[in-house]
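Worksheet for the structure shown next.
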Amino acid sequence: METERYSDKPKTYKDKSGWTQKAPVSDEKCIYLCLKNCMKLDGMDRKQVFRLVQKWQDISDNTPDPPLPPDSDAYDGCN
């Protein structure tokens, strides 16, 4: 049984050389992903981290993505 690497795959684009790159994310999305990654760290209050993850998920969902580099092609949907 093969498992998915991402629960929500990151957006990708093709650079000018044709290589697939991960699209840039907003600062809010970066904070959300960092909080999500530390939910099971020892020494952290899990309820507090869970509350912060929910708060920052709402914030990051309402923040537009940064623009792609000017010399890139549109998202190709692959990773």
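If you're wondering about the labels, chains in the structure tokens are A, B, ... by order shown, residues count from 1 in each chain, ligands from 1 in order shown.
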
Checklist entry - In range 35-68 of chain A, what's helix (DSSP H, G or I) per DSSP? Answer as a VMD selection string? => result chain A and resid 35 to 37 46 to 61

Next on the checklist: Env of Trp56 in chain A: 12 Å cut, atoms = only C-alpha atoms, seq-sep filter 4 positions within chain, self excluded. Answer as an MDAnalysis selection string.
Outcome noted: chainID A and resid 26:36 49:52 60:63

How about saving the chosen residues, C-alpha atoms kept, as an mmCIF file, in the first residue's frame?
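Wrote selection.cif, looks like this:
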```
data_model
loop_
_atom_site.group_PDB
_atom_site.id
_atom_site.type_symbol
_atom_site.label_atom_id
_atom_site.label_comp_id
_atom_site.auth_asym_id
_atom_site.auth_seq_id
_atom_site.Cartn_x
_atom_site.Cartn_y
_atom_site.Cartn_z
ATOM 1 C CA SER A 26 3.326 33.322 1.725
ATOM 2 C CA ASP A 27 4.863 34.104 5.104
ATOM 3 C CA GLU A 28 1.575 33.157 6.738
ATOM 4 C CA LYS A 29 1.577 29.751 5.037
ATOM 5 C CA CYS A 30 5.198 29.236 6.147
ATOM 6 C CA ILE A 31 4.245 29.932 9.769
ATOM 7 C CA TYR A 32 1.270 27.565 9.473
ATOM 8 C CA LEU A 33 3.443 24.751 8.068
ATOM 9 C CA CYS A 34 6.050 25.218 10.821
ATOM 10 C CA LEU A 35 3.378 25.053 13.515
ATOM 11 C CA LYS A 36 1.809 22.003 11.890
ATOM 12 C CA VAL A 49 -0.211 24.284 19.334
ATOM 13 C CA PHE A 50 -3.445 22.817 17.933
ATOM 14 C CA ARG A 51 -5.234 26.118 18.619
ATOM 15 C CA LEU A 52 -2.444 28.068 16.913
ATOM 16 C CA SER A 60 -2.948 31.387 5.530
ATOM 17 C CA ASP A 61 -6.029 30.257 3.583
ATOM 18 C CA ASN A 62 -7.074 33.893 3.209
ATOM 19 C CA THR A 63 -3.655 35.166 2.128
#
```

Checklist entry - Expressed in Å to a single decimal, how great is the separation between CA of Ala23 in chain A and CA of Lys11 in chain A? => result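 Separation of CA of Ala23 in chain A and CA of Lys11 in chain A: 5.5 Å.
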
Checklist entry - To one decimal place, how far is CA of Lys9 in chain A from CA of Gln21 in chain A in Å? => result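 So the answer is 12.6 Å.
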
Checklist entry - Hey, can you check how far CA of Lys22 in chain A sits from CA of Asp73 in chain A? => result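 So the answer is 12.2 Å.
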
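DSSP, applied to the backbone of this structure, assigns strand (DSSP E) to the following residues of chain A: Thr12, Tyr13, Lys14, Thr20, Gln21 and Lys22 of chain A.
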
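Nearest residue to Pro69 in chain A among A:Lys16, A:Lys40, A:Lys55, A:Lys47 is A:Lys16, counting only C-alpha atoms.
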